[in-house]
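In what follows, a structure is listed as structure tokens, so that the remarks can point back to it.
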Number of protein chains: 2
Amino acid sequence: MTKTTRVILAQRPTGLPDEATWGREVVELPPPGDGEFLVKVDHISLDPAMRGWLNDVRSYLPPVQIGEVMRAAATGTVVESNHPDFAVGDAVTGMFGVTEHAVTDGTDVRVIDTSIAGPATWLGALGTTGLTAYHGLHEVGEIKAGETVLISAAAGAVGSVAGQVAKAHGCTVIGIAGGPEKCAWLEEIGFDATIDYKNDNVLRRLREVAPKGIDVFFDNVGGEILNAALANLRRGARVVICGAISTYNDERLPPGPSRYMSLLVFRARMQGFLVFDYPDKDAAAIAELAEMMASGRLVARETVVEGRVEDFGRTLLGLFEGTNTGKLVLKIA
Amino acid sequence: MTKTTRVILAQRPTGLPDEATWGREVVELPPPGDGEFLVKVDHISLDPAMRGWLNDVRSYLPPVQIGEVMRAAATGTVVESNHPDFAVGDAVTGMFGVTEHAVTDGTDVRVIDTSIAGPATWLGALGTTGLTAYHGLHEVGEIKAGETVLISAAAGAVGSVAGQVAKAHGCTVIGIAGGPEKCAWLEEIGFDATIDYKNDNVLRRLREVAPKGIDVFFDNVGGEILNAALANLRRGARVVICGAISTYNDERLPPGPSRYMSLLVFRARMQGFLVFDYPDKDAAAIAELAEMMASGRLVARETVVEGRVEDFGRTLLGLFEGTNTGKLVLKIA
């Protein structure tokens with residue numbers, strides 16, 4: 001038996017999650033059965049999508065139920081195994097949840113090569129985050145060399161990878177981020193221009209840096225930033241709906257993009273996607289991202305918070321406050 | 001010289017156009033020069049898109065300027081010709097404007113065969129209206145047999161053709177229209193189900209008639225009807241943005257579709273288009289529509305108002321009041 005601490009959903013939040021949202025439980029995990037193994041978790045991924053999983057509405061995944069362990073991607077090490085494909089000592093990643101340990105049958109668990117990059121990067125640029133950026137640009141955005149690509153939340157986990165991937169494919173890349181430090185970092189990693197939404201007039205600045213309009217908008221934010229982009233499309237533009245973090249804590253459904261009729265004027269499309277939709281293309285995408293990283297064309301940054309699983313709730317708020325640059329990860333001390 | 005009366009834009013409207021929007025002028029047209037011909041106009045098309053042409057904003061066509069003849073598609077007869085391809089007596093259609101006569105060099109003018117259908121139909125189901133329905137469904141909606149297609153303003157010019165085309169291609173077709181009479185007519189012409197937005201709760205009724213959701217939404221209306229549709233998509237759905245008549249007279253930019261994040265949940269896309277974008281496919285589309293009409297599978301209805309060109313402004317309001325069924329046309333007495 002393994003004593004483990006984990007975080008459960010105690011009550012559904014209204015607006016921003018707070019202390020009352022989360023509960024802590026200590027349980028004794030039974031030893032792994034036949035075909036199972038035990039993982040000691042070392043890093044937990046924090047993602048904007050988590051906010052949506054807390055709402056009791058029909059969506060692409062069932063909501064996390066009250067009393068259930070909070071859903072999360074994580075990395076860890078196999079510490080006991082009755083599974084032929086996973087050996088003690090293997091570094092692995094999977095949807096282990098916000099927990100110190102997990103018993104799993106290996107479904108959707110992958111072994112990671114920590115000689116290429118550390119666990120936090122396997123949750124970020126070489127994990128779901130990187131795949132989200134890659135599939136969103138290629139499968140939905142259909143980026144082509146020479147096009148102008150705009151990315152919101154560009155200093156975030158997905159945005160910062162997306163910008164570098166678009167750049168590597170010959171696009172001109174513009175990033176929107178909050179504050180001069182984030183913008184400076186984006187220029188360091190190769191973005192052609194940046195817009196500081198906290199200090200610039202986004203609409204005006206966008207017209208300055210992309211006077212001919214944008215071909216692809218990779219949106220993680222929604223709200224007024226989406227509107228500004230819609231007003232500045234080129235003919236045949238593609239708006240990739242990856243997320244809408246500006247609205248996730250709104251207590252009522254926020255207004256939609258008032259400029260959606262730009263889709264008609266510019267014969268453009270707006271399309272949503274989920275990272276899980278292209279499983280056949282994941283391996284090639286990860287290989288390309290790993291190669292880009294090895295050759296220095298992809299810089300992965302993580303904001304690693306060290307703590308215990310109980311620190312999950314407080315750490316999650318950083319996403320909505322915009323305090324992280326790159327991937328936000330909780331490292332279990 | 002030909003004395004002719006025509007309608008000009010006198011001032012830009014705020015909200016609904018009114019009497020002050022329009023001016024009347026009587027001019028002497030010079031005789032047609034070399035390569036030109038004179039058309040006596042008999043029918044003028046009234047279209048929701050006209051409202052957009054009155055606003056001084058950059059769009060897919062330049063705005064009609066103050067003092068300019070109002071832009072409009074029309075039909076007429078050639079009464080004088082110095083053009084090799086157009087003979088006196090030919091019935092023609094083109095963008096002649098709201099005028100009794102027009103001199104043209106034949107650009108974008110086509111001869112119409114009035115033995116197939118009358119002039120009003122050549123402005124409707126066999127004209128731009130029919131092409132809008134056809135290209136929207138095929139090129140943007142990518143309809144496939146067996147899919148469920150929802151159409152708003154279904155008893156309108158474009159909507160009523162779109163429903164019959166989708167039906168002919170093996171789709172289940174649901175129409176949204178205002179009032180029991182329009183809905184009854186839609187069922188008469190083959191719609192599988194209807195939603196009366198004036199008397200039904202659209203969201204609830206849509207769930208009843210399309211419990212598995214919709215594959216294609218052909219939207220002419222915008223506003224709350226678009227929202228209701230977004231809440232009821234199937235995975236991979238296509239939302240075709242053809243128009244947004246519910247909002248065209250709003251003095252401020254109305255709120256956008258608050259449920260646009262359904263595009264992500266359902267991996268759906270929303271795409272705008274213009275009828276002019278598929279010139280290579282127009283002839284085949286018109287041939288198919290004419291064949292459908294000849295075989296009784298396409299019923300074209302027009303609401304024909306008889307009057308003088310000066311009646312244009314008053315007649316146009318009918319579009320926004322929802323008084324017409326099918327194509328609204330002004331027949332010049």
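Residues in the structure tokens are numbered from 1 in each chain, the chains being A, B, ... in the order shown, and ligands are numbered from 1 in the order shown.
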
- prompt: Near region 142-149 of chain B, counting only C-alpha atoms, which residues have an atom at most 8 Å away, once you skip same-chain residues fewer than 4 positions from it, shown as a VMD selection string?
  reply: chain B and resid 137 to 138 166 169 to 174 210 213 to 218 238

task: Could the residues of chain A within 7 Å of chain B, counting only C-alpha atoms, be given as JSON, numbers by chain, please?
output: {"A": [59, 60, 241, 253, 254, 255, 256, 257, 258, 259, 260, 263, 264, 265, 267, 268, 269, 270, 271, 272, 273, 274]}

- request: List every residue of region 29-231 of chain A that DSSP, applied to the backbone, labels as strand (DSSP E or B), and write the result as JSON, numbers by chain.
  value: {"A": [29, 37, 38, 39, 40, 41, 42, 43, 44, 45, 46, 69, 74, 75, 76, 77, 78, 79, 80, 81, 83, 86, 91, 92, 93, 94, 99, 101, 102, 103, 104, 110, 111, 148, 149, 150, 151, 156, 172, 173, 174, 175, 176, 177, 193, 194, 195, 196, 214, 215, 216, 217, 218, 219]}

Those residues you just picked out, can you put them in a file as a compact mmCIF listing (two decimals), in the first residue's frame with C-alpha atoms?
```txt
# COMPACT_ATOMS: atom_id res chain seq x y z
CA LEU A 29 -3.27 3.13 -2.95
CA PHE A 37 2.15 -0.06 -12.57
CA LEU A 38 2.68 2.59 -9.91
CA VAL A 39 4.00 6.03 -10.83
CA LYS A 40 5.58 8.53 -8.47
CA VAL A 41 4.58 11.90 -9.93
CA ASP A 42 7.24 14.62 -10.18
CA HIS A 43 5.71 17.39 -12.36
CA ILE A 44 2.09 18.44 -12.88
CA SER A 45 0.93 20.45 -15.88
CA LEU A 46 -1.25 23.54 -15.38
CA VAL A 69 -9.19 13.72 -8.28
CA ALA A 74 1.85 14.89 -15.31
CA THR A 75 5.23 13.23 -15.49
CA GLY A 76 6.72 10.73 -13.09
CA THR A 77 8.80 7.63 -12.59
CA VAL A 78 7.63 4.04 -12.56
CA VAL A 79 8.30 2.70 -9.05
CA GLU A 80 6.51 -0.67 -9.20
CA SER A 81 5.42 -2.51 -12.33
CA HIS A 83 3.18 -4.26 -16.93
CA PHE A 86 6.82 -0.18 -18.42
CA ALA A 91 10.23 8.23 -16.90
CA VAL A 92 6.64 8.50 -18.14
CA THR A 93 3.94 11.01 -18.92
CA GLY A 94 0.16 10.58 -18.75
CA THR A 99 -1.63 13.44 -7.05
CA HIS A 101 1.23 8.74 -6.94
CA ALA A 102 -0.98 7.00 -9.45
CA VAL A 103 -1.71 3.41 -10.38
CA THR A 104 -2.34 3.00 -14.11
CA ARG A 110 4.16 7.25 -22.85
CA VAL A 111 7.79 6.73 -21.86
CA THR A 148 1.60 36.66 -41.70
CA VAL A 149 0.63 34.83 -38.52
CA LEU A 150 -0.70 36.58 -35.42
CA ILE A 151 -0.61 34.77 -32.07
CA GLY A 156 2.28 31.51 -22.93
CA THR A 172 6.15 36.47 -40.50
CA VAL A 173 5.09 36.16 -36.88
CA ILE A 174 3.48 38.77 -34.64
CA GLY A 175 2.86 38.06 -30.96
CA ILE A 176 0.46 39.68 -28.52
CA ALA A 177 1.52 39.50 -24.87
CA ALA A 193 6.94 42.07 -34.04
CA THR A 194 5.02 42.21 -30.79
CA ILE A 195 1.98 43.97 -29.38
CA ASP A 196 1.84 44.69 -25.65
CA ILE A 214 -3.09 38.78 -41.24
CA ASP A 215 -3.46 35.40 -42.91
CA VAL A 216 -3.67 33.26 -39.79
CA PHE A 217 -4.70 34.23 -36.27
CA PHE A 218 -3.93 31.65 -33.62
CA ASP A 219 -6.16 32.70 -30.75
```

task: Quote the spacing between CA of Pro279 (chain B) and CA of His135 (chain B) in Å to one decimal place.
output: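 These atoms are spaced 10.1 Å apart.
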
task: Step one, run DSSP on the backbone; step two, keep only residues of region 125-269 of chain A assigned to alpha helix (DSSP H); then write them as a ChimeraX atom specification.
output: /A:128-135,157-168,180-188,202-209,223-230,262-265

Selected residues written out with N, CA and C atoms, as a short mmCIF file (atom, residue, chain, number, x, y, z; two decimals), in the first residue's frame:
```
data_model
loop_
_atom_site.label_atom_id
_atom_site.label_comp_id
_atom_site.auth_asym_id
_atom_site.auth_seq_id
_atom_site.Cartn_x
_atom_site.Cartn_y
_atom_site.Cartn_z
N THR A 128 1.66 17.88 -24.82
CA THR A 128 0.38 18.34 -25.35
C THR A 128 0.45 19.80 -25.81
N THR A 129 1.19 20.59 -25.06
CA THR A 129 1.34 22.00 -25.41
C THR A 129 1.94 22.17 -26.80
N GLY A 130 3.03 21.48 -27.06
CA GLY A 130 3.68 21.57 -28.36
C GLY A 130 2.80 21.04 -29.48
N LEU A 131 2.13 19.93 -29.18
CA LEU A 131 1.22 19.36 -30.19
C LEU A 131 0.06 20.31 -30.50
N THR A 132 -0.42 21.00 -29.48
CA THR A 132 -1.51 21.96 -29.69
C THR A 132 -1.06 23.06 -30.65
N ALA A 133 0.12 23.57 -30.40
CA ALA A 133 0.66 24.62 -31.28
C ALA A 133 0.84 24.08 -32.70
N TYR A 134 1.43 22.91 -32.80
CA TYR A 134 1.78 22.34 -34.10
C TYR A 134 0.54 22.00 -34.93
N HIS A 135 -0.39 21.25 -34.33
CA HIS A 135 -1.59 20.85 -35.08
C HIS A 135 -2.47 22.06 -35.38
N ALA A 157 2.41 29.12 -22.92
CA ALA A 157 2.96 27.81 -23.26
C ALA A 157 2.75 27.50 -24.74
N VAL A 158 1.51 27.53 -25.18
CA VAL A 158 1.21 27.17 -26.56
C VAL A 158 1.69 28.27 -27.52
N GLY A 159 1.41 29.52 -27.16
CA GLY A 159 1.72 30.64 -28.04
C GLY A 159 3.20 30.74 -28.37
N SER A 160 4.05 30.53 -27.37
CA SER A 160 5.49 30.70 -27.62
C SER A 160 6.02 29.60 -28.54
N VAL A 161 5.47 28.41 -28.42
CA VAL A 161 5.87 27.34 -29.35
C VAL A 161 5.29 27.63 -30.75
N ALA A 162 4.04 28.05 -30.78
CA ALA A 162 3.39 28.31 -32.08
C ALA A 162 4.18 29.35 -32.88
N GLY A 163 4.60 30.40 -32.20
CA GLY A 163 5.35 31.46 -32.90
C GLY A 163 6.62 30.92 -33.53
N GLN A 164 7.33 30.08 -32.79
CA GLN A 164 8.60 29.56 -33.30
C GLN A 164 8.38 28.54 -34.42
N VAL A 165 7.31 27.77 -34.32
CA VAL A 165 7.01 26.81 -35.38
C VAL A 165 6.63 27.56 -36.67
N ALA A 166 5.80 28.59 -36.53
CA ALA A 166 5.38 29.37 -37.71
C ALA A 166 6.60 30.04 -38.35
N LYS A 167 7.48 30.54 -37.51
CA LYS A 167 8.71 31.18 -37.99
C LYS A 167 9.55 30.15 -38.77
N ALA A 168 9.70 28.97 -38.20
CA ALA A 168 10.49 27.93 -38.85
C ALA A 168 9.89 27.51 -40.19
N PRO A 180 6.14 44.65 -21.25
CA PRO A 180 7.37 44.76 -22.05
C PRO A 180 8.33 43.59 -21.88
N GLU A 181 8.33 42.96 -20.72
CA GLU A 181 9.28 41.85 -20.53
C GLU A 181 8.92 40.67 -21.41
N LYS A 182 7.64 40.33 -21.41
CA LYS A 182 7.20 39.22 -22.26
C LYS A 182 7.47 39.55 -23.73
N CYS A 183 7.18 40.79 -24.12
CA CYS A 183 7.39 41.16 -25.53
C CYS A 183 8.87 41.09 -25.89
N ALA A 184 9.71 41.53 -24.98
CA ALA A 184 11.16 41.48 -25.25
C ALA A 184 11.61 40.03 -25.43
N TRP A 185 11.08 39.16 -24.60
CA TRP A 185 11.44 37.74 -24.72
C TRP A 185 10.99 37.18 -26.07
N LEU A 186 9.80 37.55 -26.49
CA LEU A 186 9.30 37.06 -27.79
C LEU A 186 10.22 37.49 -28.92
N GLU A 187 10.71 38.74 -28.84
CA GLU A 187 11.62 39.19 -29.90
C GLU A 187 12.94 38.42 -29.85
N GLU A 188 13.38 38.13 -28.63
CA GLU A 188 14.58 37.30 -28.45
C GLU A 188 14.44 35.94 -29.14
N VAL A 202 -4.33 47.79 -29.19
CA VAL A 202 -4.08 46.58 -29.99
C VAL A 202 -4.49 46.79 -31.44
N LEU A 203 -5.66 47.39 -31.64
CA LEU A 203 -6.17 47.59 -33.00
C LEU A 203 -5.22 48.46 -33.82
N ARG A 204 -4.79 49.57 -33.21
CA ARG A 204 -3.94 50.51 -33.94
C ARG A 204 -2.56 49.89 -34.21
N ARG A 205 -2.01 49.28 -33.17
CA ARG A 205 -0.68 48.68 -33.30
C ARG A 205 -0.69 47.53 -34.32
N LEU A 206 -1.76 46.79 -34.35
CA LEU A 206 -1.86 45.69 -35.31
C LEU A 206 -1.84 46.24 -36.74
N ARG A 207 -2.53 47.36 -36.95
CA ARG A 207 -2.51 47.97 -38.29
C ARG A 207 -1.13 48.46 -38.67
N GLU A 208 -0.36 48.89 -37.66
CA GLU A 208 1.02 49.33 -37.92
C GLU A 208 1.92 48.16 -38.31
N VAL A 209 1.85 47.09 -37.53
CA VAL A 209 2.80 46.00 -37.76
C VAL A 209 2.36 45.04 -38.86
N GLY A 223 -12.28 37.50 -26.60
CA GLY A 223 -12.61 38.86 -26.18
C GLY A 223 -12.19 39.92 -27.18
N GLU A 224 -11.72 41.05 -26.67
CA GLU A 224 -11.42 42.19 -27.54
C GLU A 224 -10.23 41.93 -28.47
N ILE A 225 -9.34 41.04 -28.05
CA ILE A 225 -8.19 40.73 -28.90
C ILE A 225 -8.65 39.99 -30.15
N LEU A 226 -9.59 39.08 -29.98
CA LEU A 226 -10.16 38.39 -31.14
C LEU A 226 -10.85 39.38 -32.07
N ASN A 227 -11.58 40.32 -31.49
CA ASN A 227 -12.24 41.34 -32.31
C ASN A 227 -11.26 42.17 -33.12
N ALA A 228 -10.17 42.57 -32.47
CA ALA A 228 -9.17 43.39 -33.17
C ALA A 228 -8.58 42.60 -34.33
N ALA A 229 -8.34 41.33 -34.12
CA ALA A 229 -7.79 40.50 -35.19
C ALA A 229 -8.79 40.36 -36.34
N LEU A 230 -10.05 40.13 -36.00
CA LEU A 230 -11.08 39.97 -37.04
C LEU A 230 -11.17 41.21 -37.93
N SER A 262 -16.71 40.03 -40.30
CA SER A 262 -15.47 40.11 -41.07
C SER A 262 -15.20 38.80 -41.81
N LEU A 263 -15.69 37.70 -41.28
CA LEU A 263 -15.50 36.41 -41.94
C LEU A 263 -16.10 36.45 -43.34
N LEU A 264 -17.20 37.18 -43.49
CA LEU A 264 -17.83 37.31 -44.80
C LEU A 264 -17.04 38.30 -45.67
N VAL A 265 -16.77 39.46 -45.10
CA VAL A 265 -16.07 40.49 -45.88
C VAL A 265 -14.75 39.94 -46.43
#
```

- prompt: In Å, how far is it from CA of Phe276 (chain A) to CA of Asn249 (chain A)?
  reply: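 Going from CA of Phe276 (chain A) over to CA of Asn249 (chain A), I get 23.8 Å.
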
- prompt: Which value, in Å to one decimal, gives the distance between CA of Thr323 (chain B) and CA of Pro63 (chain B)?
  reply: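 According to the coordinates, CA of Thr323 (chain B) and CA of Pro63 (chain B) are separated by 26.2 Å.
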